[in-house]
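Everything below belongs to protein-v1.cif, which stores mmCIF, N, CA and C atoms.
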```cif
data_structure
loop_
_atom_site.label_atom_id
_atom_site.label_comp_id
_atom_site.auth_asym_id
_atom_site.auth_seq_id
_atom_site.Cartn_x
_atom_site.Cartn_y
_atom_site.Cartn_z
N MET P 36 69.16 -107.26 101.65
CA MET P 36 69.07 -107.52 103.06
C MET P 36 68.53 -108.94 103.25
N ILE P 37 69.12 -109.67 104.18
CA ILE P 37 68.60 -111.00 104.51
C ILE P 37 68.05 -110.99 105.92
N SER P 38 67.00 -111.74 106.10
CA SER P 38 66.40 -111.88 107.42
C SER P 38 66.98 -113.10 108.10
N GLY P 39 67.15 -113.00 109.39
CA GLY P 39 67.66 -114.11 110.16
C GLY P 39 66.65 -114.52 111.22
N TRP P 40 67.10 -115.36 112.14
CA TRP P 40 66.24 -115.82 113.23
C TRP P 40 67.10 -116.01 114.47
N PHE P 41 66.42 -116.04 115.60
CA PHE P 41 67.07 -116.21 116.89
C PHE P 41 67.03 -117.68 117.30
N GLY P 42 68.15 -118.16 117.82
CA GLY P 42 68.22 -119.53 118.32
C GLY P 42 67.62 -119.65 119.70
N GLU P 43 67.63 -120.86 120.23
CA GLU P 43 67.06 -121.13 121.55
C GLU P 43 67.74 -120.33 122.65
N ARG P 44 69.03 -120.03 122.47
CA ARG P 44 69.77 -119.24 123.47
C ARG P 44 70.09 -117.85 122.93
N ASP P 45 69.19 -117.34 122.09
CA ASP P 45 69.30 -116.00 121.50
C ASP P 45 70.47 -115.85 120.52
N GLU P 46 70.97 -116.95 119.95
CA GLU P 46 71.99 -116.86 118.91
C GLU P 46 71.39 -116.17 117.69
N LEU P 47 72.25 -115.59 116.87
CA LEU P 47 71.82 -114.90 115.65
C LEU P 47 72.15 -115.78 114.45
N PHE P 48 71.13 -116.27 113.76
CA PHE P 48 71.32 -117.18 112.62
C PHE P 48 70.86 -116.56 111.32
N PHE P 49 71.59 -116.89 110.25
CA PHE P 49 71.24 -116.48 108.89
C PHE P 49 71.46 -117.67 107.96
N GLU P 50 70.83 -117.65 106.81
CA GLU P 50 71.11 -118.64 105.78
C GLU P 50 71.90 -117.97 104.67
N ILE P 51 73.01 -118.61 104.28
CA ILE P 51 73.82 -118.15 103.16
C ILE P 51 74.05 -119.35 102.26
N GLU P 52 74.69 -119.13 101.12
CA GLU P 52 75.07 -120.23 100.24
C GLU P 52 76.59 -120.27 100.13
N LEU P 53 77.14 -121.48 100.27
CA LEU P 53 78.54 -121.72 99.95
C LEU P 53 78.57 -122.11 98.48
N ILE P 54 79.51 -121.56 97.72
CA ILE P 54 79.59 -121.85 96.29
C ILE P 54 80.84 -122.68 96.03
N ALA P 55 80.62 -123.90 95.59
CA ALA P 55 81.72 -124.83 95.34
C ALA P 55 82.47 -124.44 94.07
N GLY P 56 83.63 -125.05 93.88
CA GLY P 56 84.44 -124.80 92.70
C GLY P 56 83.72 -125.08 91.40
N ASP P 57 82.76 -126.02 91.41
CA ASP P 57 81.99 -126.33 90.20
C ASP P 57 80.71 -125.51 90.12
N GLU P 58 80.62 -124.44 90.95
CA GLU P 58 79.49 -123.50 91.00
C GLU P 58 78.23 -124.07 91.66
N LEU P 59 78.31 -125.27 92.22
CA LEU P 59 77.19 -125.82 92.98
C LEU P 59 76.98 -124.95 94.21
N GLU P 60 75.73 -124.56 94.47
CA GLU P 60 75.41 -123.72 95.61
C GLU P 60 74.82 -124.57 96.73
N LEU P 61 75.40 -124.43 97.92
CA LEU P 61 74.98 -125.21 99.07
C LEU P 61 74.44 -124.28 100.15
N PRO P 62 73.11 -124.24 100.34
CA PRO P 62 72.57 -123.40 101.41
C PRO P 62 72.96 -123.96 102.77
N ILE P 63 73.31 -123.05 103.69
CA ILE P 63 73.77 -123.46 105.00
C ILE P 63 73.36 -122.39 106.02
N ASP P 64 73.01 -122.86 107.22
CA ASP P 64 72.70 -121.95 108.32
C ASP P 64 74.01 -121.59 109.01
N VAL P 65 74.21 -120.29 109.25
CA VAL P 65 75.41 -119.81 109.92
C VAL P 65 75.03 -118.96 111.12
N MET P 66 75.90 -118.95 112.10
CA MET P 66 75.67 -118.14 113.29
C MET P 66 76.62 -116.95 113.25
N LEU P 67 76.09 -115.76 113.49
CA LEU P 67 76.93 -114.57 113.55
C LEU P 67 77.64 -114.55 114.90
N ASP P 68 78.97 -114.43 114.85
CA ASP P 68 79.80 -114.43 116.05
C ASP P 68 80.70 -113.21 116.02
N THR P 69 80.33 -112.16 116.76
CA THR P 69 81.13 -110.94 116.76
C THR P 69 82.48 -111.13 117.47
N GLY P 70 82.67 -112.25 118.13
CA GLY P 70 83.95 -112.56 118.74
C GLY P 70 84.96 -113.11 117.75
N PHE P 71 84.49 -113.50 116.57
CA PHE P 71 85.38 -114.02 115.52
C PHE P 71 85.72 -112.87 114.57
N SER P 72 87.00 -112.59 114.40
CA SER P 72 87.43 -111.42 113.65
C SER P 72 87.47 -111.60 112.14
N GLY P 73 87.29 -112.83 111.65
CA GLY P 73 87.37 -113.08 110.21
C GLY P 73 86.03 -112.97 109.52
N TRP P 74 85.95 -113.57 108.33
CA TRP P 74 84.72 -113.55 107.52
C TRP P 74 83.86 -114.77 107.78
N LEU P 75 84.49 -115.97 107.73
CA LEU P 75 83.74 -117.22 107.84
C LEU P 75 84.66 -118.29 108.39
N VAL P 76 84.13 -119.13 109.29
CA VAL P 76 84.89 -120.27 109.78
C VAL P 76 84.01 -121.51 109.66
N ILE P 77 84.62 -122.60 109.16
CA ILE P 77 83.89 -123.86 109.02
C ILE P 77 84.79 -124.99 109.50
N ASP P 78 84.16 -126.12 109.79
CA ASP P 78 84.88 -127.31 110.16
C ASP P 78 85.48 -127.95 108.91
N GLU P 79 86.62 -128.63 109.09
CA GLU P 79 87.30 -129.24 107.93
C GLU P 79 86.41 -130.24 107.19
N GLN P 80 85.51 -130.93 107.88
CA GLN P 80 84.65 -131.88 107.17
C GLN P 80 83.61 -131.17 106.30
N ASP P 81 83.27 -129.91 106.63
CA ASP P 81 82.35 -129.13 105.80
C ASP P 81 83.02 -128.67 104.51
N LEU P 82 84.33 -128.68 104.50
CA LEU P 82 85.10 -128.24 103.33
C LEU P 82 85.03 -129.26 102.19
N GLN P 83 84.83 -130.53 102.54
CA GLN P 83 84.84 -131.59 101.54
C GLN P 83 83.80 -131.32 100.46
N GLY P 84 84.21 -131.42 99.23
CA GLY P 84 83.32 -131.23 98.09
C GLY P 84 83.23 -129.80 97.60
N LEU P 85 83.80 -128.85 98.34
CA LEU P 85 83.72 -127.46 97.89
C LEU P 85 84.81 -127.13 96.87
N ASP P 86 85.90 -127.88 96.87
CA ASP P 86 86.99 -127.68 95.93
C ASP P 86 87.54 -126.26 95.99
N TRP P 87 87.69 -125.74 97.21
CA TRP P 87 88.31 -124.43 97.39
C TRP P 87 89.82 -124.61 97.50
N THR P 88 90.57 -123.58 97.19
CA THR P 88 92.03 -123.63 97.20
C THR P 88 92.59 -123.16 98.53
N ARG P 89 93.50 -123.97 99.09
CA ARG P 89 94.17 -123.57 100.33
C ARG P 89 95.19 -122.50 100.00
N VAL P 90 95.19 -121.41 100.78
CA VAL P 90 96.10 -120.30 100.51
C VAL P 90 97.07 -120.02 101.66
N GLY P 91 96.91 -120.71 102.78
CA GLY P 91 97.81 -120.48 103.90
C GLY P 91 97.26 -121.04 105.19
N GLU P 92 97.82 -120.53 106.30
CA GLU P 92 97.34 -120.94 107.61
C GLU P 92 97.51 -119.77 108.57
N ARG P 93 96.80 -119.86 109.69
CA ARG P 93 96.87 -118.78 110.68
C ARG P 93 96.56 -119.34 112.06
N ASP P 94 97.35 -118.92 113.04
CA ASP P 94 97.07 -119.25 114.44
C ASP P 94 96.16 -118.16 115.00
N MET P 95 95.14 -118.59 115.76
CA MET P 95 94.22 -117.63 116.37
C MET P 95 93.93 -118.06 117.80
N ARG P 96 93.73 -117.09 118.65
CA ARG P 96 93.32 -117.38 120.03
C ARG P 96 91.81 -117.54 120.05
N MET P 97 91.38 -118.67 120.55
CA MET P 97 89.96 -118.98 120.67
C MET P 97 89.64 -119.24 122.14
N ALA P 98 88.38 -119.44 122.45
CA ALA P 98 87.97 -119.73 123.82
C ALA P 98 88.67 -120.97 124.35
N ARG P 99 88.95 -121.92 123.48
CA ARG P 99 89.60 -123.16 123.90
C ARG P 99 91.11 -123.10 123.81
N GLY P 100 91.67 -121.91 123.55
CA GLY P 100 93.12 -121.74 123.48
C GLY P 100 93.58 -121.39 122.08
N GLU P 101 94.87 -121.52 121.85
CA GLU P 101 95.47 -121.22 120.54
C GLU P 101 95.11 -122.33 119.55
N VAL P 102 94.60 -121.95 118.39
CA VAL P 102 94.15 -122.92 117.39
C VAL P 102 94.73 -122.55 116.04
N LYS P 103 95.18 -123.55 115.29
CA LYS P 103 95.69 -123.34 113.94
C LYS P 103 94.57 -123.57 112.93
N PHE P 104 94.37 -122.60 112.06
CA PHE P 104 93.37 -122.71 111.00
C PHE P 104 94.06 -122.72 109.65
N ASP P 105 93.57 -123.56 108.74
CA ASP P 105 93.96 -123.46 107.34
C ASP P 105 93.08 -122.37 106.74
N ILE P 106 93.64 -121.59 105.82
CA ILE P 106 92.89 -120.52 105.16
C ILE P 106 92.68 -120.94 103.71
N TYR P 107 91.41 -120.89 103.29
CA TYR P 107 91.03 -121.24 101.92
C TYR P 107 90.40 -120.04 101.23
N ALA P 108 90.58 -119.98 99.92
CA ALA P 108 89.88 -118.98 99.11
C ALA P 108 88.49 -119.54 98.84
N GLY P 109 87.49 -118.93 99.47
CA GLY P 109 86.12 -119.42 99.35
C GLY P 109 85.22 -118.43 98.65
N LYS P 110 84.06 -118.92 98.30
CA LYS P 110 83.06 -118.07 97.65
C LYS P 110 81.72 -118.33 98.32
N VAL P 111 81.03 -117.24 98.68
CA VAL P 111 79.72 -117.34 99.31
C VAL P 111 78.75 -116.39 98.63
N ARG P 112 77.48 -116.68 98.80
CA ARG P 112 76.42 -115.77 98.33
C ARG P 112 75.61 -115.36 99.55
N ILE P 113 75.49 -114.06 99.69
CA ILE P 113 74.66 -113.47 100.73
C ILE P 113 73.79 -112.42 100.06
N ASP P 114 72.49 -112.54 100.22
CA ASP P 114 71.57 -111.54 99.70
C ASP P 114 71.78 -111.30 98.20
N GLU P 115 71.84 -112.39 97.44
CA GLU P 115 71.98 -112.33 95.97
C GLU P 115 73.34 -111.82 95.49
N ASN P 116 74.27 -111.58 96.39
CA ASN P 116 75.60 -111.09 96.03
C ASN P 116 76.64 -112.15 96.34
N GLU P 117 77.59 -112.33 95.40
CA GLU P 117 78.68 -113.27 95.60
C GLU P 117 79.90 -112.55 96.13
N PHE P 118 80.60 -113.22 97.06
CA PHE P 118 81.79 -112.66 97.66
C PHE P 118 82.90 -113.70 97.66
N ASP P 119 84.09 -113.30 97.24
CA ASP P 119 85.29 -114.13 97.36
C ASP P 119 85.95 -113.71 98.67
N ILE P 120 86.05 -114.65 99.60
CA ILE P 120 86.55 -114.32 100.94
C ILE P 120 87.53 -115.37 101.43
N PRO P 121 88.41 -115.00 102.36
CA PRO P 121 89.23 -116.01 103.03
C PRO P 121 88.37 -116.74 104.05
N VAL P 122 88.46 -118.06 104.05
CA VAL P 122 87.67 -118.89 104.95
C VAL P 122 88.61 -119.63 105.89
N HIS P 123 88.37 -119.50 107.19
CA HIS P 123 89.13 -120.23 108.20
C HIS P 123 88.53 -121.63 108.32
N VAL P 124 89.38 -122.64 108.21
CA VAL P 124 88.94 -124.03 108.29
C VAL P 124 89.71 -124.70 109.42
N GLY P 125 88.97 -125.29 110.37
CA GLY P 125 89.61 -125.91 111.51
C GLY P 125 88.95 -127.21 111.91
N GLN P 126 89.50 -127.84 112.92
CA GLN P 126 88.96 -129.10 113.44
C GLN P 126 88.06 -128.80 114.64
N GLY P 127 86.94 -129.51 114.72
CA GLY P 127 86.07 -129.40 115.86
C GLY P 127 85.27 -128.11 115.94
N VAL P 128 85.06 -127.45 114.80
CA VAL P 128 84.25 -126.24 114.77
C VAL P 128 82.79 -126.68 114.80
N SER P 129 82.09 -126.33 115.87
CA SER P 129 80.73 -126.87 116.06
C SER P 129 79.67 -126.17 115.23
N GLU P 130 79.87 -124.92 114.89
CA GLU P 130 78.92 -124.15 114.08
C GLU P 130 79.68 -123.44 112.97
N VAL P 131 79.05 -123.29 111.82
CA VAL P 131 79.62 -122.43 110.80
C VAL P 131 79.35 -120.99 111.26
N LEU P 132 80.42 -120.18 111.29
CA LEU P 132 80.32 -118.85 111.87
C LEU P 132 80.60 -117.76 110.85
N LEU P 133 79.76 -116.74 110.86
CA LEU P 133 80.05 -115.49 110.18
C LEU P 133 80.76 -114.60 111.19
N GLY P 134 81.84 -113.95 110.78
CA GLY P 134 82.57 -113.08 111.69
C GLY P 134 82.24 -111.61 111.50
N ARG P 135 82.88 -110.80 112.31
CA ARG P 135 82.54 -109.38 112.32
C ARG P 135 83.06 -108.61 111.11
N GLN P 136 83.88 -109.23 110.24
CA GLN P 136 84.29 -108.53 109.01
C GLN P 136 83.08 -108.11 108.18
N TRP P 137 82.00 -108.91 108.25
CA TRP P 137 80.78 -108.57 107.50
C TRP P 137 80.18 -107.25 107.98
N LEU P 138 80.43 -106.91 109.24
CA LEU P 138 79.84 -105.70 109.79
C LEU P 138 80.54 -104.44 109.29
N LYS P 139 81.64 -104.58 108.57
CA LYS P 139 82.29 -103.44 107.93
C LYS P 139 81.59 -103.04 106.64
N THR P 140 80.86 -103.97 106.05
CA THR P 140 80.20 -103.68 104.77
C THR P 140 78.68 -103.88 104.82
N ARG P 141 78.19 -104.42 105.91
CA ARG P 141 76.76 -104.72 106.05
C ARG P 141 76.24 -104.14 107.35
N ARG P 142 74.99 -103.77 107.33
CA ARG P 142 74.34 -103.22 108.52
C ARG P 142 73.59 -104.35 109.23
N LEU P 143 73.86 -104.52 110.51
CA LEU P 143 73.19 -105.53 111.33
C LEU P 143 72.11 -104.85 112.15
N LEU P 144 70.89 -105.35 112.05
CA LEU P 144 69.78 -104.85 112.85
C LEU P 144 69.28 -105.99 113.72
N VAL P 145 69.36 -105.79 115.04
CA VAL P 145 68.90 -106.79 116.00
C VAL P 145 67.90 -106.12 116.92
N ASP P 146 66.65 -106.57 116.86
CA ASP P 146 65.61 -106.07 117.77
C ASP P 146 64.89 -107.30 118.31
N MET P 147 65.42 -107.83 119.41
CA MET P 147 64.88 -109.07 119.98
C MET P 147 63.45 -108.88 120.46
N ALA P 148 63.13 -107.72 120.98
CA ALA P 148 61.78 -107.47 121.48
C ALA P 148 60.74 -107.62 120.36
N LEU P 149 61.11 -107.18 119.15
CA LEU P 149 60.20 -107.29 118.00
C LEU P 149 60.44 -108.55 117.18
N GLY P 150 61.50 -109.29 117.50
CA GLY P 150 61.80 -110.49 116.73
C GLY P 150 62.38 -110.19 115.36
N VAL P 151 63.10 -109.05 115.23
CA VAL P 151 63.65 -108.63 113.95
C VAL P 151 65.16 -108.83 113.95
N LEU P 152 65.66 -109.52 112.92
CA LEU P 152 67.09 -109.74 112.73
C LEU P 152 67.37 -109.66 111.25
N THR P 153 68.16 -108.66 110.82
CA THR P 153 68.50 -108.51 109.42
C THR P 153 69.97 -108.16 109.27
N LEU P 154 70.52 -108.53 108.12
CA LEU P 154 71.88 -108.20 107.74
C LEU P 154 71.80 -107.71 106.31
N GLY P 155 72.17 -106.47 106.09
CA GLY P 155 72.05 -105.94 104.73
C GLY P 155 72.85 -104.69 104.51
N ASP P 156 72.59 -104.08 103.37
CA ASP P 156 73.31 -102.86 102.96
C ASP P 156 72.94 -101.68 103.83
#
```
structure tokens encoding of this file:
Amino acid sequence: MISGWFGERDELFFEIELIAGDELELPIDVMLDTGFSGWLVIDEQDLQGLDWTRVGERDMRMARGEVKFDIYAGKVRIDENEFDIPVHVGQGVSEVLLGRQWLKTRRLLVDMALGVLTLGD
């Protein structure tokens, strides 16, 4: 289980590691976005240096309209566990986002009154 924190506007943040092709681990703060149906979305400039393989593309409806994302085979570490996941990579993505696919395998506990935010088994 990993602990997270609340942002200034009550956003849900966690720290995960992106694992580059050369196994370099890059800790990064991500925001949980239940409106995003995938696993992870990052901006194309965040992709540089990760040496992930492009596997396709996908059009998705976003708040700003229809957007084309490149899909990469990525690797992340969450709570000491490594996951090979499809990563949506686009232009102008302001935050690295965890999507609701994680909620199929992880339990999200949000108790703002107590200041508790966890994502785990």
Report task. Name every residue that the PyMOL selection byres ((chain P and resi 113) around 8) selects in this structure, writing the answer as a list in words with chains first and numbers rising. Result ->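 So the PyMOL selection byres ((chain P and resi 113) around 8), applied here, picks out Met36, Ile37, Glu50, Ile51, Glu52, Leu53, Lys110, Val111, Arg112, Asp114, Glu115, Asn116, Glu117 and Phe118 of chain P.
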Query raised in the report: Taking the file as shown, what set of residues would the PyMOL selection byres ((chain P and resi 48) around 6.5) give back, as number ranges by chain?
Result: P: 38-42, 46-47, 49-50, 64-67
Report task. Fewer than 6 positions away in the same chain doesn't count, so skip those; otherwise give me all residues within 10 Å of P:Leu82, counting only C-alpha atoms, as a list in words. Result ->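 In the requested format, the answer is Leu53, Ala55, Tyr107, Gly109, Val122, Val124 and Gly125 of chain P.
Distance check against P:Ile63 using only N, CA and C atoms: of P:Val131, P:Val76, P:Leu149, P:Met97, the minimum falls on P:Val131.
Computed from the coordinates, the atom CA of P:Val145 to atom N of P:Leu75 distance equals 19.9 Å.
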Query raised in the report: Nearest to P:Leu132: which of P:Ile77, P:Met95, P:Leu61, P:Ile54 is it, counting only C-alpha atoms?
Result: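 The answer is P:Ile77, which sits nearest to P:Leu132.
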Requested in this report: Skip P:Ile106 itself and residues of its chain fewer than 3 positions away, then list as a PyMOL selection string all residues within 8 Å of it, counting only C-alpha atoms.
Outcome: chain P and resi 89-93+121-124
Query raised in the report: Distance atom C of P:Gly127-atom N of P:Glu58, one decimal place?
Result: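 One can read the atom C of P:Gly127 to atom N of P:Glu58 distance as 25.7 Å.
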Query raised in the report: Looking at P:Ala108, P:Val151, P:Leu133, P:Leu143, which one is nearest to P:Gly73, with distances taken over only C-alpha atoms?
Result: P:Leu133
Query raised in the report: Taking all atoms listed in the file into account, which of P:Gly56, P:Gly134, P:Arg44, P:Phe104 comes nearest P:Leu85?
Result: P:Gly56
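For the atom pair formed by atom N of P:Leu154 and atom CA of P:Gly84, the distance is 27.9 Å, given to one decimal.
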All helix (DSSP H, G or I) positions in chain P, as a compact mmCIF listing (two decimals) with N, CA and C atoms, in the coordinates of the input:
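Saved the output as states.txt:
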```
# COMPACT_ATOMS: atom_id res chain seq x y z
N GLU P 79 86.62 -128.63 109.09
CA GLU P 79 87.30 -129.24 107.93
C GLU P 79 86.41 -130.24 107.19
N GLN P 80 85.51 -130.93 107.88
CA GLN P 80 84.65 -131.88 107.17
C GLN P 80 83.61 -131.17 106.30
N ASP P 81 83.27 -129.91 106.63
CA ASP P 81 82.35 -129.13 105.80
C ASP P 81 83.02 -128.67 104.51
N LEU P 82 84.33 -128.68 104.50
CA LEU P 82 85.10 -128.24 103.33
C LEU P 82 85.03 -129.26 102.19
N ARG P 135 82.88 -110.80 112.31
CA ARG P 135 82.54 -109.38 112.32
C ARG P 135 83.06 -108.61 111.11
N GLN P 136 83.88 -109.23 110.24
CA GLN P 136 84.29 -108.53 109.01
C GLN P 136 83.08 -108.11 108.18
N TRP P 137 82.00 -108.91 108.25
CA TRP P 137 80.78 -108.57 107.50
C TRP P 137 80.18 -107.25 107.98
N LEU P 138 80.43 -106.91 109.24
CA LEU P 138 79.84 -105.70 109.79
C LEU P 138 80.54 -104.44 109.29
N LYS P 139 81.64 -104.58 108.57
CA LYS P 139 82.29 -103.44 107.93
C LYS P 139 81.59 -103.04 106.64
```
Expected axis-aligned box over every listed atom of stretch 58-74 of chain P, 4 Å added per side, centre plus edges in Å to one decimal, as JSON:
```
{"center_x": 80.0, "center_y": -118.4, "center_z": 104.8, "size_x": 22.9, "size_y": 22.9, "size_z": 35.8}
```
Report task. Apply DSSP to the backbone of this structure and, from chain P, keep only the residues in strand (DSSP E); write these as number ranges by chain. Result -> P: 37-38, 40-41, 47-54, 60-67, 75-78, 88-97, 100-113, 116-125, 132-133, 142-146, 151-155
Requested in this report: Could you check which of P:Gly150, P:Pro62, P:Gly155, P:Gly70 is closest to P:Arg135, using all atoms listed in the file?
Outcome: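 Closest candidate: P:Gly70.
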Requested in this report: Would you mind telling me which residue in P:Glu79, P:Asp45, P:Asp68, P:Asp86 lies nearest to P:Gln136 when using all atoms listed in the file?
Outcome: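 Under the stated criterion, the closest residue is P:Asp68.
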